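**Q** Dropping in start-v5.pdb, with PDB, C-alpha atoms and all ligand atoms.
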MODEL        1
ATOM      1  CA  MET I1007       0.000   0.000   0.000  1.00  0.00           C
ATOM      2  CA  LYS I1008       1.235   3.466  -0.829  1.00  0.00           C
ATOM      3  CA  ARG I1009       2.007   5.689   2.160  1.00  0.00           C
ATOM      4  CA  GLU I1010      -0.443   8.354   0.938  1.00  0.00           C
ATOM      5  CA  THR I1011      -3.235   5.751   0.796  1.00  0.00           C
ATOM      6  CA  TYR I1012      -2.385   4.587   4.301  1.00  0.00           C
ATOM      7  CA  GLU I1013      -2.443   8.170   5.588  1.00  0.00           C
ATOM      8  CA  LEU I1014      -5.754   8.912   3.849  1.00  0.00           C
ATOM      9  CA  LEU I1015      -7.387   5.879   5.503  1.00  0.00           C
ATOM     10  CA  GLU I1016      -5.721   6.596   8.837  1.00  0.00           C
ATOM     11  CA  ARG I1017      -7.068  10.181   8.872  1.00  0.00           C
ATOM     12  CA  TYR I1018     -10.583   8.940   8.130  1.00  0.00           C
ATOM     13  CA  MET I1019     -10.303   6.267  10.837  1.00  0.00           C
ATOM     14  CA  ILE I1020      -9.131   8.787  13.465  1.00  0.00           C
ATOM     15  CA  CYS I1021     -12.091  11.097  12.897  1.00  0.00           C
ATOM     16  CA  CYS I1022     -14.525   8.165  13.276  1.00  0.00           C
ATOM     17  CA  MET I1023     -13.189   6.772  16.588  1.00  0.00           C
ATOM     18  CA  GLU I1024     -14.747   7.846  19.873  1.00  0.00           C
ATOM     19  CA  ASP I1025     -14.936   5.516  22.871  1.00  0.00           C
ATOM     20  CA  THR I1026     -11.788   4.525  24.755  1.00  0.00           C
ATOM     21  CA  ALA I1027     -12.332   0.772  24.339  1.00  0.00           C
ATOM     22  CA  HIS I1028     -12.419   1.245  20.569  1.00  0.00           C
ATOM     23  CA  ASP I1029     -10.011   4.127  20.147  1.00  0.00           C
ATOM     24  CA  LYS I1030      -7.279   4.531  17.531  1.00  0.00           C
ATOM     25  CA  GLU I1031      -4.840   2.531  19.669  1.00  0.00           C
ATOM     26  CA  HIS I1032      -7.183  -0.471  19.381  1.00  0.00           C
ATOM     27  CA  ILE I1033      -7.011  -0.020  15.600  1.00  0.00           C
ATOM     28  CA  TYR I1034      -3.196   0.068  15.585  1.00  0.00           C
ATOM     29  CA  ARG I1035      -3.019  -3.061  17.786  1.00  0.00           C
ATOM     30  CA  VAL I1036      -5.426  -4.878  15.462  1.00  0.00           C
ATOM     31  CA  LEU I1037      -3.368  -3.794  12.446  1.00  0.00           C
ATOM     32  CA  TYR I1038      -0.114  -4.950  14.086  1.00  0.00           C
ATOM     33  CA  HIS I1039      -1.677  -8.277  15.153  1.00  0.00           C
ATOM     34  CA  ALA I1040      -2.891  -8.720  11.576  1.00  0.00           C
ATOM     35  CA  LEU I1041       0.569  -8.065  10.132  1.00  0.00           C
ATOM     36  CA  GLU I1042       2.031 -10.603  12.576  1.00  0.00           C
ATOM     37  CA  ILE I1043      -0.550 -13.212  11.532  1.00  0.00           C
ATOM     38  CA  ALA I1044      -0.161 -12.390   7.814  1.00  0.00           C
ATOM     39  CA  LYS I1045       3.552 -13.259   7.960  1.00  0.00           C
ATOM     40  CA  THR I1046       2.544 -16.885   8.565  1.00  0.00           C
ATOM     41  CA  GLU I1047      -0.031 -17.069   5.741  1.00  0.00           C
ATOM     42  CA  HIS I1048       0.415 -17.276   1.953  1.00  0.00           C
ATOM     43  CA  GLY I1049      -1.109 -14.994  -0.675  1.00  0.00           C
ATOM     44  CA  VAL I1050      -2.286 -12.197   1.612  1.00  0.00           C
ATOM     45  CA  ASP I1051      -3.533  -9.081  -0.202  1.00  0.00           C
ATOM     46  CA  TYR I1052      -2.007  -6.407   2.020  1.00  0.00           C
ATOM     47  CA  ASP I1053      -3.901  -3.565   0.323  1.00  0.00           C
ATOM     48  CA  VAL I1054      -7.177  -5.195   1.378  1.00  0.00           C
ATOM     49  CA  LEU I1055      -5.939  -6.291   4.802  1.00  0.00           C
ATOM     50  CA  ILE I1056      -4.471  -2.939   5.886  1.00  0.00           C
ATOM     51  CA  ALA I1057      -7.523  -0.975   4.701  1.00  0.00           C
ATOM     52  CA  ALA I1058      -9.891  -3.432   6.411  1.00  0.00           C
ATOM     53  CA  CYS I1059      -7.938  -3.242   9.689  1.00  0.00           C
ATOM     54  CA  LEU I1060      -7.826   0.562   9.665  1.00  0.00           C
ATOM     55  CA  LEU I1061     -11.527   0.954   8.885  1.00  0.00           C
ATOM     56  CA  HIS I1062     -13.051  -2.037  10.690  1.00  0.00           C
ATOM     57  CA  ASP I1063     -14.571  -0.088  13.602  1.00  0.00           C
ATOM     58  CA  ILE I1064     -15.618   3.145  11.855  1.00  0.00           C
ATOM     59  CA  GLY I1065     -19.273   2.190  12.415  1.00  0.00           C
ATOM     60  CA  ARG I1066     -18.938   2.054  16.223  1.00  0.00           C
ATOM     61  CA  LYS I1067     -20.268   5.578  16.767  1.00  0.00           C
ATOM     62  CA  GLU I1068     -23.504   4.742  14.951  1.00  0.00           C
ATOM     63  CA  GLN I1069     -23.992   1.516  16.935  1.00  0.00           C
ATOM     64  CA  PHE I1070     -23.275   3.322  20.207  1.00  0.00           C
ATOM     65  CA  LYS I1071     -25.967   5.916  19.434  1.00  0.00           C
ATOM     66  CA  ASN I1072     -28.418   3.283  18.197  1.00  0.00           C
ATOM     67  CA  PRO I1073     -27.748  -0.240  19.569  1.00  0.00           C
ATOM     68  CA  ALA I1074     -30.151  -1.701  16.987  1.00  0.00           C
ATOM     69  CA  LEU I1075     -27.479  -0.983  14.365  1.00  0.00           C
ATOM     70  CA  CYS I1076     -24.565  -3.366  13.763  1.00  0.00           C
ATOM     71  CA  HIS I1077     -21.226  -1.554  13.606  1.00  0.00           C
ATOM     72  CA  ALA I1078     -19.834  -4.154  11.202  1.00  0.00           C
ATOM     73  CA  ALA I1079     -22.634  -3.601   8.688  1.00  0.00           C
ATOM     74  CA  VAL I1080     -22.551   0.201   9.077  1.00  0.00           C
ATOM     75  CA  GLY I1081     -18.744   0.310   9.013  1.00  0.00           C
ATOM     76  CA  GLY I1082     -18.509  -1.900   5.931  1.00  0.00           C
ATOM     77  CA  GLU I1083     -20.868   0.379   4.032  1.00  0.00           C
ATOM     78  CA  LYS I1084     -19.091   3.550   5.229  1.00  0.00           C
ATOM     79  CA  ALA I1085     -15.724   2.136   4.155  1.00  0.00           C
ATOM     80  CA  TYR I1086     -17.150   1.112   0.771  1.00  0.00           C
ATOM     81  CA  GLN I1087     -18.575   4.586   0.110  1.00  0.00           C
ATOM     82  CA  PHE I1088     -15.390   6.286   1.318  1.00  0.00           C
ATOM     83  CA  LEU I1089     -13.179   4.204  -0.958  1.00  0.00           C
ATOM     84  CA  LEU I1090     -15.438   4.764  -3.989  1.00  0.00           C
ATOM     85  CA  ALA I1091     -15.556   8.515  -3.276  1.00  0.00           C
ATOM     86  CA  HIS I1092     -11.755   8.572  -3.292  1.00  0.00           C
ATOM     87  CA  GLY I1093     -11.437   6.817  -6.636  1.00  0.00           C
ATOM     88  CA  PHE I1094     -10.640   3.244  -5.585  1.00  0.00           C
ATOM     89  CA  GLU I1095     -11.877   0.351  -7.739  1.00  0.00           C
ATOM     90  CA  PRO I1096     -15.340  -0.968  -6.777  1.00  0.00           C
ATOM     91  CA  SER I1097     -13.962  -4.537  -6.633  1.00  0.00           C
ATOM     92  CA  TYR I1098     -11.307  -3.427  -4.116  1.00  0.00           C
ATOM     93  CA  ALA I1099     -13.831  -1.431  -2.074  1.00  0.00           C
ATOM     94  CA  LYS I1100     -16.104  -4.492  -2.027  1.00  0.00           C
ATOM     95  CA  GLN I1101     -13.373  -6.776  -0.698  1.00  0.00           C
ATOM     96  CA  VAL I1102     -12.610  -4.324   2.118  1.00  0.00           C
ATOM     97  CA  LYS I1103     -16.320  -4.003   2.891  1.00  0.00           C
ATOM     98  CA  GLN I1104     -16.762  -7.790   3.094  1.00  0.00           C
ATOM     99  CA  CYS I1105     -13.872  -8.095   5.563  1.00  0.00           C
ATOM    100  CA  ILE I1106     -15.383  -5.420   7.797  1.00  0.00           C
ATOM    101  CA  GLN I1107     -18.899  -6.871   7.615  1.00  0.00           C
ATOM    102  CA  THR I1108     -17.742 -10.279   8.859  1.00  0.00           C
ATOM    103  CA  HIS I1109     -15.376  -9.250  11.667  1.00  0.00           C
ATOM    104  CA  ARG I1110     -17.974  -9.284  14.438  1.00  0.00           C
ATOM    105  CA  TYR I1111     -17.829 -12.140  16.948  1.00  0.00           C
ATOM    106  CA  ARG I1112     -21.531 -12.358  17.661  1.00  0.00           C
ATOM    107  CA  GLN I1113     -22.769 -12.228  14.116  1.00  0.00           C
ATOM    108  CA  ASN I1114     -23.867 -15.314  12.296  1.00  0.00           C
ATOM    109  CA  ASN I1115     -21.853 -14.150   9.315  1.00  0.00           C
ATOM    110  CA  PRO I1116     -18.422 -15.825   9.262  1.00  0.00           C
ATOM    111  CA  PRO I1117     -15.441 -14.349   7.382  1.00  0.00           C
ATOM    112  CA  GLN I1118     -14.792 -15.876   3.948  1.00  0.00           C
ATOM    113  CA  SER I1119     -11.591 -14.451   2.464  1.00  0.00           C
ATOM    114  CA  LEU I1120      -8.134 -14.907   3.973  1.00  0.00           C
ATOM    115  CA  GLU I1121      -7.940 -11.174   4.727  1.00  0.00           C
ATOM    116  CA  ALA I1122     -11.351 -11.306   6.441  1.00  0.00           C
ATOM    117  CA  LYS I1123     -10.206 -14.235   8.598  1.00  0.00           C
ATOM    118  CA  ILE I1124      -7.006 -12.405   9.552  1.00  0.00           C
ATOM    119  CA  LEU I1125      -8.951  -9.258  10.496  1.00  0.00           C
ATOM    120  CA  PHE I1126     -11.391 -11.357  12.552  1.00  0.00           C
ATOM    121  CA  ASP I1127      -8.528 -13.056  14.408  1.00  0.00           C
ATOM    122  CA  ALA I1128      -6.571  -9.829  14.922  1.00  0.00           C
ATOM    123  CA  ASP I1129      -9.623  -8.091  16.361  1.00  0.00           C
ATOM    124  CA  LYS I1130     -10.411 -11.032  18.670  1.00  0.00           C
ATOM    125  CA  LEU I1131      -6.804 -11.071  19.919  1.00  0.00           C
ATOM    126  CA  ASP I1132      -7.467  -7.592  21.284  1.00  0.00           C
ATOM    127  CA  VAL I1133     -10.250  -9.052  23.461  1.00  0.00           C
ATOM    128  CA  ALA I1134      -7.976 -11.866  24.701  1.00  0.00           C
ATOM    129  CA  GLY I1135      -5.733 -11.797  27.745  1.00  0.00           C
ATOM    130  CA  ALA I1136      -5.023  -8.750  29.911  1.00  0.00           C
ATOM    131  CA  VAL I1137      -5.820  -6.214  27.203  1.00  0.00           C
ATOM    132  CA  GLY I1138      -9.184  -7.880  26.620  1.00  0.00           C
ATOM    133  CA  ILE I1139     -10.062  -7.627  30.303  1.00  0.00           C
ATOM    134  CA  ALA I1140      -8.947  -3.979  30.421  1.00  0.00           C
ATOM    135  CA  ARG I1141     -10.943  -3.027  27.330  1.00  0.00           C
ATOM    136  CA  THR I1142     -14.053  -4.857  28.538  1.00  0.00           C
ATOM    137  CA  LEU I1143     -13.902  -3.009  31.871  1.00  0.00           C
ATOM    138  CA  LEU I1144     -13.377   0.308  30.061  1.00  0.00           C
ATOM    139  CA  TYR I1145     -16.409  -0.355  27.891  1.00  0.00           C
ATOM    140  CA  ASN I1146     -18.502  -1.442  30.893  1.00  0.00           C
ATOM    141  CA  GLY I1147     -17.621   1.899  32.480  1.00  0.00           C
ATOM    142  CA  ILE I1148     -18.718   3.823  29.398  1.00  0.00           C
ATOM    143  CA  THR I1149     -22.029   1.972  29.120  1.00  0.00           C
ATOM    144  CA  GLY I1150     -22.609   2.037  32.889  1.00  0.00           C
ATOM    145  CA  GLU I1151     -22.706  -1.737  33.307  1.00  0.00           C
ATOM    146  CA  PRO I1152     -21.815  -3.150  36.747  1.00  0.00           C
ATOM    147  CA  LEU I1153     -19.008  -5.608  37.490  1.00  0.00           C
ATOM    148  CA  TYR I1154     -21.517  -8.322  38.475  1.00  0.00           C
ATOM    149  CA  SER I1155     -25.099  -8.903  39.455  1.00  0.00           C
ATOM    150  CA  LEU I1156     -26.568 -10.641  42.495  1.00  0.00           C
ATOM    151  CA  LEU I1157     -28.611 -13.837  42.627  1.00  0.00           C
ATOM    152  CA  PRO I1158     -32.000 -13.884  44.421  1.00  0.00           C
ATOM    153  CA  ASP I1159     -30.319 -15.168  47.613  1.00  0.00           C
ATOM    154  CA  GLY I1160     -28.024 -12.099  47.623  1.00  0.00           C
ATOM    155  CA  SER I1161     -24.863 -13.945  46.597  1.00  0.00           C
ATOM    156  CA  VAL I1162     -22.654 -12.798  43.696  1.00  0.00           C
ATOM    157  CA  SER I1163     -23.543 -14.323  40.340  1.00  0.00           C
ATOM    158  CA  THR I1164     -20.693 -15.880  38.393  1.00  0.00           C
ATOM    159  CA  GLY I1165     -22.290 -14.409  35.242  1.00  0.00           C
ATOM    160  CA  GLU I1166     -22.938 -17.896  33.924  1.00  0.00           C
ATOM    161  CA  THR I1167     -26.604 -18.370  34.714  1.00  0.00           C
ATOM    162  CA  ASP I1168     -28.002 -14.840  34.673  1.00  0.00           C
ATOM    163  CA  THR I1169     -28.660 -12.600  31.687  1.00  0.00           C
ATOM    164  CA  GLU I1170     -28.076  -9.239  33.369  1.00  0.00           C
ATOM    165  CA  PRO I1171     -25.399  -7.196  31.576  1.00  0.00           C
ATOM    166  CA  SER I1172     -22.220  -7.103  33.678  1.00  0.00           C
ATOM    167  CA  PHE I1173     -18.482  -7.729  33.404  1.00  0.00           C
ATOM    168  CA  PHE I1174     -18.881 -11.278  34.780  1.00  0.00           C
ATOM    169  CA  HIS I1175     -21.641 -12.008  32.272  1.00  0.00           C
ATOM    170  CA  GLU I1176     -19.519 -10.618  29.421  1.00  0.00           C
ATOM    171  CA  TYR I1177     -16.576 -12.752  30.557  1.00  0.00           C
ATOM    172  CA  LYS I1178     -18.647 -15.942  30.755  1.00  0.00           C
ATOM    173  CA  TYR I1179     -20.673 -15.226  27.631  1.00  0.00           C
ATOM    174  CA  LYS I1180     -17.938 -13.936  25.337  1.00  0.00           C
ATOM    175  CA  LEU I1181     -14.363 -13.702  26.651  1.00  0.00           C
ATOM    176  CA  GLU I1182     -14.096 -17.232  28.043  1.00  0.00           C
ATOM    177  CA  HIS I1183     -15.219 -18.836  24.764  1.00  0.00           C
ATOM    178  CA  LEU I1184     -13.139 -16.629  22.506  1.00  0.00           C
ATOM    179  CA  TYR I1185     -10.183 -18.975  22.382  1.00  0.00           C
ATOM    180  CA  ALA I1186     -11.991 -21.585  20.286  1.00  0.00           C
ATOM    181  CA  SER I1187     -13.031 -19.103  17.607  1.00  0.00           C
ATOM    182  CA  PHE I1188      -9.781 -18.342  15.784  1.00  0.00           C
ATOM    183  CA  TYR I1189      -9.261 -19.173  12.106  1.00  0.00           C
ATOM    184  CA  THR I1190      -5.464 -18.979  11.836  1.00  0.00           C
ATOM    185  CA  GLU I1191      -2.874 -21.068  13.665  1.00  0.00           C
ATOM    186  CA  LYS I1192      -0.775 -18.032  14.518  1.00  0.00           C
ATOM    187  CA  ALA I1193      -3.639 -16.151  16.167  1.00  0.00           C
ATOM    188  CA  ARG I1194      -4.695 -19.282  18.077  1.00  0.00           C
ATOM    189  CA  ALA I1195      -1.183 -19.643  19.460  1.00  0.00           C
ATOM    190  CA  MET I1196      -1.004 -15.941  20.382  1.00  0.00           C
ATOM    191  CA  ALA I1197      -4.408 -16.149  22.100  1.00  0.00           C
ATOM    192  CA  ASN I1198      -3.508 -19.292  24.025  1.00  0.00           C
ATOM    193  CA  GLU I1199      -0.519 -17.479  25.514  1.00  0.00           C
ATOM    194  CA  ARG I1200      -2.895 -14.812  26.834  1.00  0.00           C
ATOM    195  CA  GLN I1201      -5.699 -17.043  28.073  1.00  0.00           C
ATOM    196  CA  ALA I1202      -4.342 -17.860  31.547  1.00  0.00           C
ATOM    197  CA  ILE I1203      -4.028 -14.222  32.652  1.00  0.00           C
ATOM    198  CA  ALA I1204      -7.654 -13.488  31.726  1.00  0.00           C
ATOM    199  CA  ALA I1205      -8.937 -16.581  33.552  1.00  0.00           C
ATOM    200  CA  ALA I1206      -6.803 -15.781  36.612  1.00  0.00           C
ATOM    201  CA  PHE I1207      -8.137 -12.214  36.724  1.00  0.00           C
ATOM    202  CA  TYR I1208     -11.773 -13.335  36.501  1.00  0.00           C
ATOM    203  CA  ASN I1209     -11.271 -16.063  39.129  1.00  0.00           C
ATOM    204  CA  SER I1210      -9.493 -13.684  41.525  1.00  0.00           C
ATOM    205  CA  LEU I1211     -12.101 -10.966  41.113  1.00  0.00           C
ATOM    206  CA  TYR I1212     -14.962 -13.425  41.620  1.00  0.00           C
ATOM    207  CA  GLY I1213     -13.210 -14.961  44.631  1.00  0.00           C
ATOM    208  CA  GLU I1214     -12.632 -11.568  46.251  1.00  0.00           C
ATOM    209  CA  VAL I1215     -16.123 -10.153  45.799  1.00  0.00           C
ATOM    210  CA  ASN I1216     -17.869 -13.440  46.583  1.00  0.00           C
ATOM    211  CA  ALA I1217     -15.925 -13.852  49.837  1.00  0.00           C
ATOM    212  CA  SER I1218     -16.706 -10.251  50.717  1.00  0.00           C
ATOM    213  CA  TYR I1219     -20.459 -10.814  50.264  1.00  0.00           C
ATOM    214  CA  GLN I1220     -20.534 -14.196  51.997  1.00  0.00           C
ATOM    215  CA  ASN I1221     -18.580 -13.055  55.033  1.00  0.00           C
ATOM    216  CA  GLY I1222     -20.218  -9.640  55.162  1.00  0.00           C
ATOM    217  CA  MET I1223     -23.773 -10.949  54.892  1.00  0.00           C
ATOM    218  CA  ASP I1224     -23.141 -13.532  57.628  1.00  0.00           C
ATOM    219  CA  GLU I1225     -21.594 -10.935  59.907  1.00  0.00           C
ATOM    220  CA  LEU I1226     -24.355  -8.400  59.263  1.00  0.00           C
ATOM    221  CA  GLU I1227     -26.987 -11.046  59.959  1.00  0.00           C
ATOM    222  CA  ARG I1228     -25.281 -11.941  63.222  1.00  0.00           C
ATOM    223  CA  LEU I1229     -25.151  -8.298  64.297  1.00  0.00           C
ATOM    224  CA  LEU I1230     -28.744  -7.613  63.284  1.00  0.00           C
ATOM    225  CA  GLU I1231     -29.902 -10.658  65.214  1.00  0.00           C
ATOM    226  CA  GLY I1232     -27.878  -9.412  68.161  1.00  0.00           C
ATOM    227  CA  THR I1233     -29.534  -5.981  67.868  1.00  0.00           C
ATOM    228  CA  ASP I1234     -32.972  -7.605  67.837  1.00  0.00           C
ATOM    229  CA  CYS I1235     -32.082  -9.455  71.038  1.00  0.00           C
ATOM    230  CA  VAL I1236     -30.925  -6.245  72.695  1.00  0.00           C
ATOM    231  CA  ASN I1237     -34.117  -4.488  71.648  1.00  0.00           C
ATOM    232  CA  ILE I1238     -36.250  -7.345  72.959  1.00  0.00           C
ATOM    233  CA  ILE I1239     -34.386  -7.223  76.217  1.00  0.00           C
TER     234      ILE I1239
HETATM  235 FE    FE I1301     -12.356  -3.839  16.684  1.00  0.00          FE
ENDMDL
END
Please go through the file and, once you have read it, give me the structure as structure tokens.

**A**
Amino acid sequence: MKRETYELLERYMICCMEDTAHDKEHIYRVLYHALEIAKTEHGVDYDVLIAACLLHDIGRKEQFKNPALCHAAVGGEKAYQFLLAHGFEPSYAKQVKQCIQTHRYRQNNPPQSLEAKILFDADKLDVAGAVGIARTLLYNGITGEPLYSLLPDGSVSTGETDTEPSFFHEYKYKLEHLYASFYTEKARAMANERQAIAAAFYNSLYGEVNASYQNGMDELERLLEGTDCVNII
């Protein structure tokens, strides 16, 4: 890719990024992951891959304002229109668009081309390990979601059985299962190296807050019972 093309796409990307979990640094990490993965694959079209990485989250703002929208669909269309408006071939713009439209984990729309699979893997790597935990917590803060929810008996939910939005639910629903979803060997190996730190963080956090609730509720109950006795007396 020519430097001027890269800089054109980079400028457009920067003016589309807003939230801190999906800021321009996320885009650079995804691009660098993708380049690392691409070194181990044959026949990669770098013009498609670099453009798709740079523009893959430009639809985030629209999804944030209207959660009914899918940022992958919106972003793919925005990228397509941007590339056409700047004189790129429709076939090239379409390849970039298809990569972007299939990069989302939750969509029933798997990536088809090699570049789309690399983008998917590179983006998922940024939700793996310590950085994945940090970004998920950042995003929970932005959307106002709690760390965890409570079960009817007042104990802390692991996030596994409830459907309330929370960090624990996001970990159990998405982050924990991420490691089976990679398409390339390189990304799978990179993700596996990061898996233990994410699991250890979740387990420690759950252990700490659960112990706090269990011990605290028992102690409070004991004191309240004691107060009742004093009052009765
Ligand atoms: Fe992304």

**Q** What do you get, as a VMD selection string, if you spell out every residue that the PyMOL selection byres (((chain I and resi 1168-1170) around 12) and not hetatm) selects here?

**A** chain I and resid 1151 to 1158 1162 to 1167 1171 to 1176 1178 to 1179

**Q** For CA of Thr1149 (chain I) and CA of His1028 (chain I), determine how far apart the two atoms are, in Å to one decimal place.

**A**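 Distance reported for this atom pair: 12.9 Å.
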
**Q** Could the residues that lie within 7 Å of ligand FE 1301 (chain I), counting only C-alpha atoms and all ligand atoms, be listed as a PyMOL selection string?

**A** chain I and resi 1028+1032-1033+1062-1063+1129

**Q** Between I:Val1133, I:Ala1078, I:His1092, I:Gly1150, which residue has the minimum interatomic distance to Gln1201 (chain I), considering all atoms listed in the file?

**A**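 With all atoms listed in the file as the atom set, the closest residue is I:Val1133.
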
**Q** First collect every listed atom of region 1045-1061 of chain I; then fit an axis-aligned box around them, widen it by 6 Å on each side, and give centre and edge lengths in Å to one decimal, as lines of an AutoDock Vina configuration file.

**A**
center_x = -4.0
center_y = -8.2
center_z = 4.5
size_x = 27.1
size_y = 30.2
size_z = 22.4

**Q** Using only C-alpha atoms, which of I:Gln1220, I:Asn1198, I:Ser1187, I:Ser1119 sits nearest Gln1104 (chain I)?

**A**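 For Gln1104 (chain I), the nearest of the candidates is I:Ser1119.
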
**Q** I want to know what sits within 9 Å of Asp1132 (chain I), based on only C-alpha atoms, with residues of the same chain fewer than 4 positions away left out; could you give that as a list of chain:residue names?

**A** I:His1032, I:Arg1035, I:Val1036, I:His1039, I:Asp1127, I:Ala1128, I:Val1137, I:Gly1138, I:Arg1141

**Q** Quick one, how far is CA of Tyr1219 (chain I) from CA of Asn1146 (chain I)?

**A**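 If I compute the distance from CA of Tyr1219 (chain I) to CA of Asn1146 (chain I), I get 21.6 Å.
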
**Q** Show which residues sit within 9 Å of region 1048-1053 of chain I, as a VMD selection string. Count only C-alpha atoms, and ignore same-chain residues fewer than 5 positions away.

**A** chain I and resid 1007 to 1008 1041 1058 1098 1102 1120 to 1121

**Q** Write a file of the selected residues as an mmCIF file, in the coordinates of the input, keeping C-alpha atoms.

**A**
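File written: out33.cif
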data_model
loop_
_atom_site.group_PDB
_atom_site.id
_atom_site.type_symbol
_atom_site.label_atom_id
_atom_site.label_comp_id
_atom_site.auth_asym_id
_atom_site.auth_seq_id
_atom_site.Cartn_x
_atom_site.Cartn_y
_atom_site.Cartn_z
ATOM 1 C CA MET I 1007 0.000 0.000 0.000
ATOM 2 C CA LYS I 1008 1.235 3.466 -0.829
ATOM 3 C CA LEU I 1041 0.569 -8.065 10.132
ATOM 4 C CA ALA I 1058 -9.891 -3.432 6.411
ATOM 5 C CA TYR I 1098 -11.307 -3.427 -4.116
ATOM 6 C CA VAL I 1102 -12.610 -4.324 2.118
ATOM 7 C CA LEU I 1120 -8.134 -14.907 3.973
ATOM 8 C CA GLU I 1121 -7.940 -11.174 4.727
#

**Q** Given only C-alpha atoms as the basis, pick out the residue of I:Ile1139, I:Val1054, I:Leu1211, I:Ile1064 nearest to Ala1122 (chain I).

**A** I:Val1054

**Q** Report, in Å to a single decimal, how far apart CA of Asn1216 (chain I) and CA of Ser1161 (chain I) are.

**A**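 Here the two named atoms are 7.0 Å from each other.
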
**Q** Using all atoms listed in the file and a cutoff of 12 Å, can you tell me which residues are near (-17.8, 2.2, 0.6) in the file's coordinates, and write them out as a PyMOL selection string?

**A** chain I and resi 1057-1058+1061-1062+1064-1065+1079-1104+1106-1107

**Q** List, as a ChimeraX atom specification, every residue that the PyMOL selection byres (((chain I and resi 1027) around 6) and not hetatm) selects in the file provided.

**A** /I:1025-1026,1028-1029,1141,1144-1145

**Q** Could you spell out the hits of the PyMOL selection byres (((chain I and resi 1184) around 9) and not hetatm) on the shown file, as a PDB file with C-alpha atoms, in the coordinates of the input?

**A**
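And here is the file that came out, expr13.pdb:
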ATOM      1  CA  TYR I1111     -17.829 -12.140  16.948  1.00  0.00           C
ATOM      2  CA  LYS I1130     -10.411 -11.032  18.670  1.00  0.00           C
ATOM      3  CA  LEU I1131      -6.804 -11.071  19.919  1.00  0.00           C
ATOM      4  CA  VAL I1133     -10.250  -9.052  23.461  1.00  0.00           C
ATOM      5  CA  ALA I1134      -7.976 -11.866  24.701  1.00  0.00           C
ATOM      6  CA  LYS I1180     -17.938 -13.936  25.337  1.00  0.00           C
ATOM      7  CA  LEU I1181     -14.363 -13.702  26.651  1.00  0.00           C
ATOM      8  CA  GLU I1182     -14.096 -17.232  28.043  1.00  0.00           C
ATOM      9  CA  HIS I1183     -15.219 -18.836  24.764  1.00  0.00           C
ATOM     10  CA  TYR I1185     -10.183 -18.975  22.382  1.00  0.00           C
ATOM     11  CA  ALA I1186     -11.991 -21.585  20.286  1.00  0.00           C
ATOM     12  CA  SER I1187     -13.031 -19.103  17.607  1.00  0.00           C
ATOM     13  CA  PHE I1188      -9.781 -18.342  15.784  1.00  0.00           C
ATOM     14  CA  ALA I1197      -4.408 -16.149  22.100  1.00  0.00           C
TER      15      ALA I1197
END

**Q** Would you list the residues near (-2.9, 4.3, 8.4), meaning any protein, DNA or RNA residue with an atom at most 10 Å from that point in file coordinates, counting all atoms listed in the file, as a PyMOL selection string?

**A** chain I and resi 1007+1009-1020+1033-1034+1037+1056-1057+1059-1061
